file run.cif (mmCIF, C-alpha atoms and all ligand atoms)
data_coords
loop_
_atom_site.label_atom_id
_atom_site.label_comp_id
_atom_site.auth_asym_id
_atom_site.auth_seq_id
_atom_site.Cartn_x
_atom_site.Cartn_y
_atom_site.Cartn_z
CA MET A 231 87.43 151.77 83.61
CA ASP A 232 89.45 148.74 84.68
CA ASP A 233 91.51 150.96 86.96
CA LEU A 234 88.37 152.41 88.52
CA ARG A 235 87.01 148.92 89.01
CA SER A 236 90.06 147.45 90.71
CA LYS A 237 90.55 150.56 92.83
CA TYR A 238 87.05 150.47 94.31
CA ILE A 239 86.81 146.68 94.64
CA ASP A 240 90.04 146.81 96.69
CA LEU A 241 88.93 149.75 98.80
CA ILE A 242 85.56 148.15 99.54
CA ALA A 243 87.24 144.92 100.60
CA GLN A 244 89.42 146.89 103.04
CA ALA A 245 86.64 149.09 104.50
CA ALA A 246 86.73 148.68 108.26
CA ASP A 247 83.27 149.88 109.19
CA GLU A 248 79.99 151.22 107.86
CA ALA A 249 81.16 154.84 107.90
CA ALA A 250 84.17 154.03 105.70
CA LEU A 251 81.85 152.13 103.39
CA GLU A 252 79.51 155.09 103.12
CA ASP A 253 82.43 157.38 102.23
CA LEU A 254 83.39 154.99 99.46
CA ARG A 255 79.84 154.89 98.15
CA VAL A 256 79.77 158.70 97.87
CA GLN A 257 83.20 158.72 96.26
CA ALA A 258 82.29 156.13 93.64
CA VAL A 259 78.60 156.24 92.84
CA GLY A 260 77.38 159.31 94.75
CA LYS A 261 76.06 162.25 92.73
CA LYS A 262 79.56 163.61 92.23
CA GLY A 263 81.29 160.26 92.46
CA GLU A 264 83.93 159.15 90.01
CA ILE A 265 81.70 156.70 88.20
CA SER A 266 78.80 159.12 88.05
CA LEU A 267 81.09 161.79 86.58
CA ALA A 268 82.40 159.31 84.02
CA MET A 269 78.81 158.62 83.04
CA ARG A 270 78.30 162.28 82.41
CA GLU A 271 81.12 162.14 79.84
CA LEU A 272 78.96 159.85 77.71
CA GLY A 273 77.17 162.90 76.34
CA ARG A 274 80.33 164.14 74.75
CA MET A 275 81.20 160.91 72.98
CA THR A 276 80.43 159.91 69.42
CA PRO A 277 77.47 157.52 69.12
CA GLU A 278 79.86 154.60 68.41
CA GLU A 279 81.98 155.35 71.45
CA ARG A 280 78.88 155.74 73.55
CA GLN A 281 77.50 152.38 72.45
CA GLU A 282 80.68 150.75 73.63
CA ALA A 283 81.26 152.74 76.87
CA GLY A 284 77.63 153.08 78.08
CA PRO A 285 76.90 149.41 78.88
CA ARG A 286 80.36 148.95 80.40
CA LEU A 287 79.87 151.92 82.71
CA ASN A 288 76.44 150.69 83.74
CA ALA A 289 77.84 147.24 84.49
CA LEU A 290 80.65 148.80 86.50
CA LYS A 291 78.18 150.89 88.50
CA SER A 292 76.03 147.90 89.37
CA GLU A 293 79.07 145.80 90.24
CA ILE A 294 80.30 148.45 92.67
CA THR A 295 76.83 148.87 94.14
CA SER A 296 76.51 145.13 94.82
CA ALA A 297 80.02 144.98 96.25
CA LEU A 298 79.04 147.78 98.66
CA ALA A 299 75.87 145.95 99.70
CA ALA A 300 77.69 142.64 100.18
CA LYS A 301 80.38 144.26 102.30
CA LYS A 302 77.74 146.02 104.40
CA GLN A 303 76.03 142.69 105.10
CA ALA A 304 79.37 141.10 105.96
CA LEU A 305 80.14 143.91 108.42
CA THR A 306 76.70 143.52 110.07
CA ASP A 307 77.16 139.74 110.37
CA ALA A 308 80.61 140.16 111.85
CA ALA A 309 79.30 142.68 114.39
CA LEU A 310 76.56 140.24 115.42
CA ASP A 311 79.09 137.40 115.75
CA ASP A 312 81.27 139.57 117.98
CA ARG A 313 78.29 140.45 120.15
CA LEU A 314 77.21 136.84 120.47
CA LYS A 315 80.72 135.90 121.54
CA ALA A 316 80.92 138.75 124.04
CA GLU A 317 77.53 138.03 125.61
CA TRP A 318 78.14 134.32 126.09
CA LEU A 319 76.68 133.00 129.32
CA ASP A 320 76.92 129.59 130.97
CA VAL A 321 73.35 128.76 131.98
CA THR A 322 74.44 125.43 133.47
CA LEU A 323 76.28 127.08 136.36
CA PRO A 324 74.67 126.33 139.72
CA ALA A 325 72.38 129.02 141.16
CA ARG A 326 73.75 131.25 143.89
CA PRO A 327 71.94 130.30 147.10
CA SER A 328 71.43 133.95 148.05
CA ASN A 329 69.50 134.52 144.81
CA HIS A 330 67.32 131.46 144.68
CA GLY A 331 63.87 131.95 143.19
CA THR A 332 60.56 130.24 143.76
CA ILE A 333 57.89 128.55 141.68
CA HIS A 334 55.78 131.25 140.01
CA PRO A 335 52.07 131.26 140.92
CA VAL A 336 51.21 130.66 137.23
CA SER A 337 53.34 127.50 137.19
CA GLN A 338 51.94 126.41 140.54
CA VAL A 339 48.33 126.90 139.47
CA THR A 340 48.96 125.17 136.12
CA GLU A 341 50.27 122.18 138.07
CA GLU A 342 47.29 122.26 140.42
CA VAL A 343 44.80 122.40 137.54
CA SER A 344 46.60 119.57 135.75
CA ALA A 345 46.61 117.41 138.89
CA ILE A 346 42.86 117.85 139.38
CA PHE A 347 41.92 117.12 135.78
CA ALA A 348 44.39 114.24 135.52
CA ASP A 349 42.46 112.69 138.38
CA MET A 350 39.32 112.93 136.20
CA GLY A 351 41.04 111.21 133.28
CA PHE A 352 42.15 114.23 131.26
CA SER A 353 45.55 114.31 129.58
CA VAL A 354 47.52 117.49 128.90
CA ALA A 355 48.23 118.88 125.42
CA GLU A 356 50.08 121.93 124.19
CA GLY A 357 50.00 123.82 120.92
CA PRO A 358 52.02 126.55 119.21
CA GLN A 359 51.75 130.16 120.38
CA ILE A 360 52.10 131.42 116.82
CA GLU A 361 49.00 130.03 115.16
CA SER A 362 47.46 130.15 111.70
CA ASP A 363 44.22 132.11 111.49
CA TRP A 364 42.46 128.91 110.47
CA TYR A 365 43.19 127.21 113.82
CA ASN A 366 42.70 130.35 115.89
CA PHE A 367 39.46 131.46 114.19
CA ASP A 368 37.92 129.63 111.21
CA ALA A 369 38.08 126.10 112.63
CA LEU A 370 36.40 127.44 115.78
CA ASN A 371 33.48 128.75 113.74
CA ILE A 372 34.72 132.35 113.82
CA PRO A 373 34.59 133.35 110.13
CA GLY A 374 36.45 136.36 108.66
CA HIS A 375 33.76 138.96 109.26
CA HIS A 376 32.84 137.76 112.76
CA PRO A 377 32.92 140.51 115.45
CA ALA A 378 34.74 138.14 117.83
CA ARG A 379 37.86 138.61 115.67
CA ALA A 380 37.87 142.35 116.32
CA GLU A 381 36.94 141.95 120.00
CA MET A 382 39.96 139.77 120.67
CA ASP A 383 42.51 142.57 120.02
CA THR A 384 44.59 140.18 117.99
CA PHE A 385 48.33 140.57 117.42
CA TYR A 386 49.06 139.76 113.77
CA MET A 387 52.41 138.50 112.50
CA GLN A 388 53.89 140.05 109.36
CA ARG A 389 54.03 138.21 106.03
CA LYS A 390 56.83 138.72 103.51
CA GLN A 391 56.02 141.48 101.05
CA GLY A 392 53.90 140.14 98.20
CA ASP A 393 52.66 137.13 100.20
CA ASN A 394 48.92 137.70 100.33
CA ARG A 395 47.93 134.73 102.46
CA PRO A 396 46.24 135.64 105.76
CA PRO A 397 48.88 136.44 108.39
CA HIS A 398 49.57 134.14 111.33
CA VAL A 399 48.50 135.43 114.74
CA LEU A 400 49.72 135.18 118.29
CA ARG A 401 46.98 132.88 119.52
CA THR A 402 44.26 134.84 121.31
CA HIS A 403 43.04 131.82 123.27
CA THR A 404 43.92 128.16 123.92
CA SER A 405 40.87 126.97 121.96
CA PRO A 406 42.90 126.19 118.79
CA VAL A 407 44.54 123.36 120.74
CA GLN A 408 41.06 121.75 120.84
CA ILE A 409 41.21 121.44 117.06
CA ARG A 410 44.78 120.15 117.09
CA SER A 411 43.93 117.55 119.75
CA MET A 412 40.87 116.32 117.84
CA MET A 413 42.95 116.01 114.68
CA ASP A 414 45.79 114.21 116.47
CA HIS A 415 43.78 111.81 118.61
CA GLY A 416 40.19 111.61 117.34
CA ALA A 417 37.34 110.62 119.66
CA PRO A 418 36.73 109.75 122.44
CA LEU A 419 38.91 112.43 123.97
CA ARG A 420 39.57 114.14 127.29
CA VAL A 421 42.22 116.76 127.28
CA ILE A 422 43.21 120.03 128.91
CA CYS A 423 45.44 122.53 127.13
CA PRO A 424 47.20 125.11 129.31
CA GLY A 425 49.41 127.81 127.85
CA ARG A 426 50.20 131.39 126.96
CA VAL A 427 47.80 133.54 124.97
CA TYR A 428 48.09 137.10 123.67
CA ARG A 429 45.80 140.13 123.31
CA ALA A 430 46.56 143.83 122.96
CA ASP A 431 45.26 144.94 126.36
CA TYR A 432 46.91 146.35 129.51
CA ASP A 433 45.46 147.34 132.89
CA GLN A 434 45.20 146.00 136.44
CA THR A 435 43.53 142.79 135.29
CA HIS A 436 44.85 142.53 131.71
CA THR A 437 48.33 141.97 130.30
CA PRO A 438 49.24 141.48 126.61
CA MET A 439 50.40 137.95 127.45
CA PHE A 440 48.42 135.84 129.87
CA HIS A 441 47.52 132.19 130.47
CA GLN A 442 44.49 130.08 129.81
CA VAL A 443 43.56 126.46 130.19
CA GLU A 444 41.22 124.87 127.72
CA GLY A 445 39.24 121.74 128.50
CA LEU A 446 37.65 119.36 126.01
CA ALA A 447 35.75 116.12 126.56
CA ILE A 448 34.26 114.18 123.66
CA ASP A 449 32.27 110.99 123.83
CA THR A 450 29.01 109.48 122.60
CA ASP A 451 26.77 110.54 125.47
CA ILE A 452 28.13 113.72 127.02
CA SER A 453 25.76 116.48 128.16
CA MET A 454 25.72 119.84 129.94
CA ALA A 455 25.16 117.87 133.15
CA ASN A 456 28.62 116.30 132.79
CA LEU A 457 30.12 119.73 132.15
CA LYS A 458 28.47 121.13 135.25
CA TRP A 459 29.62 118.26 137.47
CA CYS A 460 33.12 118.42 136.13
CA LEU A 461 33.50 122.17 136.74
CA GLU A 462 31.95 122.01 140.21
CA GLU A 463 34.25 119.17 141.11
CA PHE A 464 37.18 121.16 139.79
CA CYS A 465 36.33 124.33 141.73
CA ARG A 466 35.80 122.45 144.97
CA ALA A 467 39.20 120.80 144.63
CA PHE A 468 40.99 123.90 143.36
CA PHE A 469 39.75 126.50 145.84
CA GLU A 470 40.03 124.00 148.69
CA VAL A 471 36.78 125.15 150.31
CA ASP A 472 33.75 122.89 150.68
CA GLY A 473 30.86 125.21 150.00
CA VAL A 474 31.91 126.46 146.57
CA GLU A 475 28.83 127.63 144.70
CA LEU A 476 28.78 128.16 140.95
CA ARG A 477 26.30 130.02 138.77
CA PHE A 478 25.85 129.05 135.12
CA ARG A 479 24.77 132.01 133.02
CA ALA A 480 23.55 131.60 129.43
CA SER A 481 26.05 133.21 127.08
CA HIS A 482 27.29 133.07 123.53
CA PHE A 483 30.50 131.74 121.98
CA PRO A 484 30.82 130.88 118.29
CA PHE A 485 32.44 127.53 119.13
CA THR A 486 29.80 126.21 121.56
CA GLU A 487 26.03 125.75 121.45
CA PRO A 488 24.54 126.16 123.98
CA SER A 489 27.12 128.27 125.83
CA ALA A 490 27.42 129.24 129.47
CA GLU A 491 29.65 131.51 131.49
CA VAL A 492 30.39 130.39 135.00
CA ASP A 493 30.53 132.66 138.04
CA ILE A 494 31.72 131.73 141.49
CA ARG A 495 30.11 132.96 144.72
CA CYS A 496 32.38 135.24 146.71
CA SER A 497 32.48 138.07 149.18
CA TRP A 498 34.51 141.27 149.29
CA ALA A 499 33.69 142.01 152.95
CA GLY A 500 36.43 144.08 154.60
CA GLY A 501 38.18 144.54 151.27
CA THR A 502 39.43 140.97 151.06
CA LEU A 503 38.12 138.40 148.66
CA LYS A 504 36.64 135.19 150.07
CA ILE A 505 35.53 132.34 147.82
CA GLY A 506 32.39 130.34 148.65
CA GLU A 507 30.48 132.89 150.74
CA GLY A 508 28.86 136.31 150.37
CA ASP A 509 26.59 137.94 147.79
CA ASP A 510 28.98 138.70 144.96
CA TRP A 511 29.70 136.68 141.83
CA LEU A 512 32.95 136.58 139.88
CA GLU A 513 33.19 135.27 136.36
CA ILE A 514 35.88 132.61 136.01
CA LEU A 515 35.31 130.78 132.73
CA GLY A 516 33.41 130.26 129.48
CA SER A 517 32.04 126.90 128.44
CA GLY A 518 29.44 124.99 126.45
CA MET A 519 28.65 122.04 124.19
CA VAL A 520 31.09 121.90 121.29
CA HIS A 521 29.51 123.27 118.10
CA PRO A 522 29.02 120.58 115.39
CA LYS A 523 31.03 122.71 112.94
CA VAL A 524 33.97 122.70 115.37
CA LEU A 525 33.82 118.90 115.69
CA GLU A 526 33.78 118.70 111.88
CA ALA A 527 36.79 121.01 111.60
CA GLY A 528 38.61 118.65 114.00
CA GLY A 529 37.73 115.67 111.78
CA ILE A 530 35.15 114.23 114.18
CA ASP A 531 31.68 113.13 113.01
CA PRO A 532 29.08 115.26 114.88
CA SER A 533 26.30 112.77 114.19
CA GLN A 534 28.20 110.21 116.27
CA TRP A 535 30.07 112.28 118.88
CA GLN A 536 29.37 115.23 121.12
CA GLY A 537 31.29 116.99 123.83
CA PHE A 538 31.78 119.91 126.14
CA ALA A 539 34.55 122.49 126.26
CA PHE A 540 35.60 125.27 128.56
CA GLY A 541 38.23 127.98 128.71
CA MET A 542 39.51 129.46 131.95
CA GLY A 543 42.00 132.20 132.82
CA ILE A 544 44.86 130.67 134.80
CA ASP A 545 46.21 133.99 136.05
CA ARG A 546 42.73 135.02 137.08
CA ILE A 547 42.06 131.93 139.21
CA ALA A 548 45.57 132.30 140.65
CA MET A 549 44.73 135.89 141.68
CA LEU A 550 41.48 134.67 143.24
CA LYS A 551 42.91 131.72 145.11
CA TYR A 552 46.04 133.41 146.41
CA GLY A 553 44.68 136.96 146.84
CA ILE A 554 47.04 138.65 144.38
CA PRO A 555 45.57 142.05 143.47
CA ASP A 556 47.47 143.17 140.35
CA LEU A 557 48.01 140.97 137.31
CA ARG A 558 50.78 143.15 135.88
CA ALA A 559 53.10 142.26 138.78
CA PHE A 560 52.96 138.61 137.62
CA PHE A 561 55.27 139.48 134.76
CA ASP A 562 57.60 142.08 136.31
CA SER A 563 60.16 139.43 137.37
CA ASP A 564 60.54 141.20 140.73
CA LEU A 565 62.25 138.75 143.09
CA ARG A 566 60.64 140.34 146.16
CA TRP A 567 57.21 139.67 144.64
CA LEU A 568 58.23 136.11 143.79
CA ARG A 569 59.52 135.40 147.29
CA HIS A 570 56.22 136.64 148.68
CA TYR A 571 53.80 134.91 146.30
CA GLY A 572 55.96 132.06 144.98
CA PHE A 573 55.98 128.41 146.03
CA GLY A 574 58.69 126.03 147.21
CA ALA A 575 60.30 124.08 144.39
CA LEU A 576 59.93 120.79 146.23
CA ASP A 577 56.25 121.16 147.16
CA ARG A 578 54.70 119.56 144.10
CA PRO A 579 50.92 119.96 144.12
CA ASP A 580 48.99 116.69 144.14
CA LEU A 581 45.59 115.62 145.36
CA VAL A 582 46.93 113.26 148.02
CA GLY A 583 49.54 115.49 149.65
CA GLY A 584 47.48 118.65 149.14
CA LEU A 585 47.49 121.20 146.36
CA SER A 586 48.95 124.25 148.08
CA ARG A 587 51.08 123.88 151.15
N1 LIG A 601 38.12 130.87 124.03
C1 LIG A 601 37.31 131.67 124.94
C2 LIG A 601 38.05 132.96 125.26
O1 LIG A 601 39.24 133.01 125.22
C3 LIG A 601 37.03 130.93 126.21
C4 LIG A 601 36.14 129.76 125.99
C5 LIG A 601 34.78 129.92 126.10
C6 LIG A 601 36.64 128.51 125.68
C7 LIG A 601 33.92 128.85 125.90
C8 LIG A 601 35.80 127.42 125.48
C9 LIG A 601 34.42 127.62 125.59
O2 LIG A 601 36.26 126.21 125.17
O3 LIG A 601 33.60 126.54 125.43
O4 LIG A 601 37.43 133.94 125.56
#
call {"tool": "encode", "arguments": {"input": "run.cif", "output": "structure tokens", "more": "lines below"}}
Ligand code: DAH
result
Amino acid sequence: MDDLRSKYIDLIAQAADEAALEDLRVQAVGKKGEISLAMRELGRMTPEERQEAGPRLNALKSEITSALAAKKQALTDAALDDRLKAEWLDVTLPARPSNHGTIHPVSQVTEEVSAIFADMGFSVAEGPQIESDWYNFDALNIPGHHPARAEMDTFYMQRKQGDNRPPHVLRTHTSPVQIRSMMDHGAPLRVICPGRVYRADYDQTHTPMFHQVEGLAIDTDISMANLKWCLEEFCRAFFEVDGVELRFRASHFPFTEPSAEVDIRCSWAGGTLKIGEGDDWLEILGSGMVHPKVLEAGGIDPSQWQGFAFGMGIDRIAMLKYGIPDLRAFFDSDLRWLRHYGFGALDRPDLVGGLSR
């Protein structure tokens, strides 16, 4: 048995790759392997002999099996190390002038939105893209059975086997950053939260990853009138046309009461989209007065404070403003598309110099 042991421990240590390791496994502990055959001999032994040899053989078998597993892991790790070394890349090298890129419309529009709201006293906050279901749902008054959970086509993360806590999610909206901001800063508060969100959806106007910006204003005397002014002011500045007309439509969201969806007046005459004229309406955002339960979840006393919130699709308003017809192209990383729709790196949007130049 000692000979068997030292033979296989040596051979396993020398195995050069996974195939060699598999051969050794078959040779040692496979159905007709040496150790398995030795185990078969147990039947022919006297009970005393068997009592002595049985446990030793079992121990040998499990020692060889763990040695095989450890070597396999070591081989995998070494292969990964080699790959990491081979694929090394110096990202600090200067860009080649012939390949220079541009600022992506999503980045540009995020900057524009931030500039406009900064001018109204809002700061910018960010939150994690992998979110607990409490922040993404419960704290926003979307309990476990609520249909909104199903409607959002949520991507769930996987828990370790045996861990029965609710899984984390890829956040389905930027609204959880409302809760994080309230917890971090308390009231009064004015904040916008731009960032990536995820839903299992894919067509001309939907991609599994897209961008939203959340807005939240909390104070002692805030009403729907403030919300309306704020959004109208934003749209006028953002779309850079004077006669922007908005329509507030009663709606329902679990996290606001009352709730309104906002449409913008537009025209499709001649197949091109024009904002601010015509007889069509395009939905651009959801909004409302923050639900008392949501304030409470954020640690803010609803008998003392109130506020409004809104959530807007960044990609969608980018498509509208810059006439980009297909959302999917946003994320194809096609340089020709970027050169066409992208923005100069030095033209930073601001309200004084102009948003889009
Ligand atoms: N979270 C909503 C969504 O992704 C958008 C939204 C609607 C945000 C109303 C809000 C709001 O803050 O008040 O569909």
call {"tool": "residues_near_ligand", "arguments": {"input": "run.cif", "ligand": "ligand LIG 601 (chain A)", "cutoff": "7 Å", "atoms": "only C-alpha atoms and all ligand atoms", "output": "PDB file with C-alpha atoms, keeping the file's coordinate frame"}}
result
ATOM      1  CA  THR A 402      44.260 134.840 121.310  1.00  0.00           C
ATOM      2  CA  HIS A 403      43.040 131.820 123.270  1.00  0.00           C
ATOM      3  CA  THR A 404      43.920 128.160 123.920  1.00  0.00           C
ATOM      4  CA  SER A 405      40.870 126.970 121.960  1.00  0.00           C
ATOM      5  CA  GLU A 444      41.220 124.870 127.720  1.00  0.00           C
ATOM      6  CA  GLY A 445      39.240 121.740 128.500  1.00  0.00           C
ATOM      7  CA  PHE A 483      30.500 131.740 121.980  1.00  0.00           C
ATOM      8  CA  PHE A 485      32.440 127.530 119.130  1.00  0.00           C
ATOM      9  CA  THR A 486      29.800 126.210 121.560  1.00  0.00           C
ATOM     10  CA  SER A 489      27.120 128.270 125.830  1.00  0.00           C
ATOM     11  CA  LEU A 515      35.310 130.780 132.730  1.00  0.00           C
ATOM     12  CA  GLY A 516      33.410 130.260 129.480  1.00  0.00           C
ATOM     13  CA  SER A 517      32.040 126.900 128.440  1.00  0.00           C
ATOM     14  CA  GLY A 518      29.440 124.990 126.450  1.00  0.00           C
ATOM     15  CA  MET A 519      28.650 122.040 124.190  1.00  0.00           C
ATOM     16  CA  VAL A 520      31.090 121.900 121.290  1.00  0.00           C
ATOM     17  CA  PHE A 538      31.780 119.910 126.140  1.00  0.00           C
ATOM     18  CA  ALA A 539      34.550 122.490 126.260  1.00  0.00           C
ATOM     19  CA  PHE A 540      35.600 125.270 128.560  1.00  0.00           C
ATOM     20  CA  GLY A 541      38.230 127.980 128.710  1.00  0.00           C
ATOM     21  CA  MET A 542      39.510 129.460 131.950  1.00  0.00           C
TER      22      MET A 542
END
call {"tool": "atom_distance", "arguments": {"input": "run.cif", "atom1": "CA of Leu241 in chain A", "atom2": "CA of Glu282 in chain A"}}
result
26.5 Å
call {"tool": "atom_distance", "arguments": {"input": "run.cif", "atom1": "CA of Ile505 in chain A", "atom2": "CA of Phe464 in chain A"}}
result
13.9 Å
call {"tool": "closest_residue", "arguments": {"input": "run.cif", "among": "A:Leu370, A:Leu400, A:Met412, A:Leu319", "to": "Ala355 in chain A", "atoms": "only C-alpha atoms"}}
result
A:Met412
call {"tool": "atom_distance", "arguments": {"input": "run.cif", "atom1": "CA of Asp449 in chain A", "atom2": "CA of Asp349 in chain A"}}
result
17.8 Å
call {"tool": "closest_residue", "arguments": {"input": "run.cif", "among": "A:Leu419, A:Ala245, A:Met350, A:Val256", "to": "Ile530 in chain A", "atoms": "only C-alpha atoms"}}
result
A:Leu419
call {"tool": "residues_around", "arguments": {"input": "run.cif", "residues": "range 298-303 of chain A", "least_positions_apart": "2", "cutoff": "10 Å", "atoms": "only C-alpha atoms", "output": "number ranges by chain"}}
result
A: 238-239, 242-248, 251-252, 254-255, 292-296, 305-309
call {"tool": "closest_residue", "arguments": {"input": "run.cif", "among": "A:Ala447, A:Trp511, A:Ala455, A:Val343", "to": "Glu475 in chain A", "atoms": "all atoms listed in the file"}}
result
A:Trp511
call {"tool": "closest_residue", "arguments": {"input": "run.cif", "among": "A:Ala417, A:Val471, A:Val427, A:Leu512", "to": "Thr450 in chain A", "atoms": "all atoms listed in the file"}}
result
A:Ala417
call {"tool": "axis_aligned_box", "arguments": {"input": "run.cif", "around": "range 414-418 of chain A", "padding_each_side": "8 Å", "output": "JSON"}}
result
{"center_x": 41.3, "center_y": 112.0, "center_z": 119.5, "size_x": 25.1, "size_y": 20.5, "size_z": 22.0}
call {"tool": "closest_residue", "arguments": {"input": "run.cif", "among": "A:Ala559, A:Val524, A:Ile422, A:Ile494", "to": "Gln434 in chain A", "atoms": "only C-alpha atoms"}}
result
A:Ala559
call {"tool": "closest_residue", "arguments": {"input": "run.cif", "among": "A:Glu278, A:Asp564, A:Asp577, A:Asp311", "to": "Gly331 in chain A", "atoms": "all atoms listed in the file"}}
result
A:Asp564
call {"tool": "residues_around", "arguments": {"input": "run.cif", "residues": "Tyr428 in chain A", "least_positions_apart": "3", "cutoff": "12 Å", "atoms": "all atoms listed in the file", "output": "list of chain:residue names"}}
result
A:Gln359, A:Ile360, A:Glu361, A:Asn366, A:Met382, A:Asp383, A:Thr384, A:Phe385, A:Tyr386, A:Val399, A:Leu400, A:Arg401, A:Thr402, A:His403, A:Thr404, A:Gly425, A:Asp431, A:Tyr432, A:His436, A:Thr437, A:Pro438, A:Met439, A:Phe440, A:His441, A:Gln442
call {"tool": "residues_near_point", "arguments": {"input": "run.cif", "point": "(62.1, 130.6, 147.0)", "cutoff": "9 Å", "atoms": "all atoms listed in the file", "output": "list in words"}}
result
Asn329, His330, Gly331, Thr332, Ile333, Leu568, Arg569, His570, Gly572, Phe573, Gly574 and Ala575 of chain A
call {"tool": "residues_around", "arguments": {"input": "run.cif", "residues": "Ala527 in chain A", "least_positions_apart": "2", "cutoff": "12 Å", "atoms": "all atoms listed in the file", "output": "list of chain:residue names"}}
result
A:Trp364, A:Tyr365, A:Asn366, A:Phe367, A:Asp368, A:Ala369, A:Leu370, A:Asn371, A:Ile372, A:Pro406, A:Gln408, A:Ile409, A:Arg410, A:Ser411, A:Met412, A:Met413, A:Gly416, A:Phe485, A:Val520, A:His521, A:Pro522, A:Lys523, A:Val524, A:Leu525, A:Gly529, A:Ile530, A:Asp531, A:Pro532
call {"tool": "residues_around", "arguments": {"input": "run.cif", "residues": "Asp509 in chain A", "least_positions_apart": "6", "cutoff": "9 Å", "atoms": "all atoms listed in the file", "output": "short mmCIF file (atom, residue, chain, number, x, y, z; two decimals) with C-alpha atoms, in the frame of the given file"}}
result
data_model
loop_
_atom_site.label_atom_id
_atom_site.label_comp_id
_atom_site.auth_asym_id
_atom_site.auth_seq_id
_atom_site.Cartn_x
_atom_site.Cartn_y
_atom_site.Cartn_z
CA ARG A 495 30.11 132.96 144.72
CA CYS A 496 32.38 135.24 146.71
CA SER A 497 32.48 138.07 149.18
CA TRP A 498 34.51 141.27 149.29
#
call {"tool": "build_atoms", "arguments": {"input": "run.cif", "residues": "range 306-319 of chain A", "atoms": "N, CA and C atoms", "output": "CSV table (one decimal), keeping the file's coordinate frame"}}
result
chain,number,residue,atom,x,y,z
A,306,THR,N,77.8,143.7,109.1
A,306,THR,CA,76.7,143.5,110.1
A,306,THR,C,76.8,142.1,110.7
A,307,ASP,N,77.0,141.1,109.8
A,307,ASP,CA,77.2,139.7,110.4
A,307,ASP,C,78.3,139.6,111.3
A,308,ALA,N,79.4,140.3,111.0
A,308,ALA,CA,80.6,140.2,111.8
A,308,ALA,C,80.3,140.8,113.2
A,309,ALA,N,79.6,142.0,113.1
A,309,ALA,CA,79.3,142.7,114.4
A,309,ALA,C,78.4,141.8,115.3
A,310,LEU,N,77.5,141.1,114.7
A,310,LEU,CA,76.6,140.2,115.4
A,310,LEU,C,77.4,139.1,116.0
A,311,ASP,N,78.3,138.5,115.2
A,311,ASP,CA,79.1,137.4,115.8
A,311,ASP,C,79.9,137.8,117.0
A,312,ASP,N,80.5,139.0,116.9
A,312,ASP,CA,81.3,139.6,118.0
A,312,ASP,C,80.4,139.7,119.2
A,313,ARG,N,79.2,140.2,119.0
A,313,ARG,CA,78.3,140.4,120.2
A,313,ARG,C,77.9,139.1,120.8
A,314,LEU,N,77.6,138.1,119.9
A,314,LEU,CA,77.2,136.8,120.5
A,314,LEU,C,78.3,136.2,121.3
A,315,LYS,N,79.6,136.4,120.8
A,315,LYS,CA,80.7,135.9,121.5
A,315,LYS,C,80.9,136.6,122.9
A,316,ALA,N,80.7,138.0,122.8
A,316,ALA,CA,80.9,138.8,124.0
A,316,ALA,C,79.8,138.5,125.1
A,317,GLU,N,78.6,138.2,124.6
A,317,GLU,CA,77.5,138.0,125.6
A,317,GLU,C,77.3,136.6,126.0
A,318,TRP,N,78.2,135.7,125.8
A,318,TRP,CA,78.1,134.3,126.1
A,318,TRP,C,77.9,134.1,127.6
A,319,LEU,N,77.1,133.2,127.9
A,319,LEU,CA,76.7,133.0,129.3
A,319,LEU,C,76.5,131.5,129.6
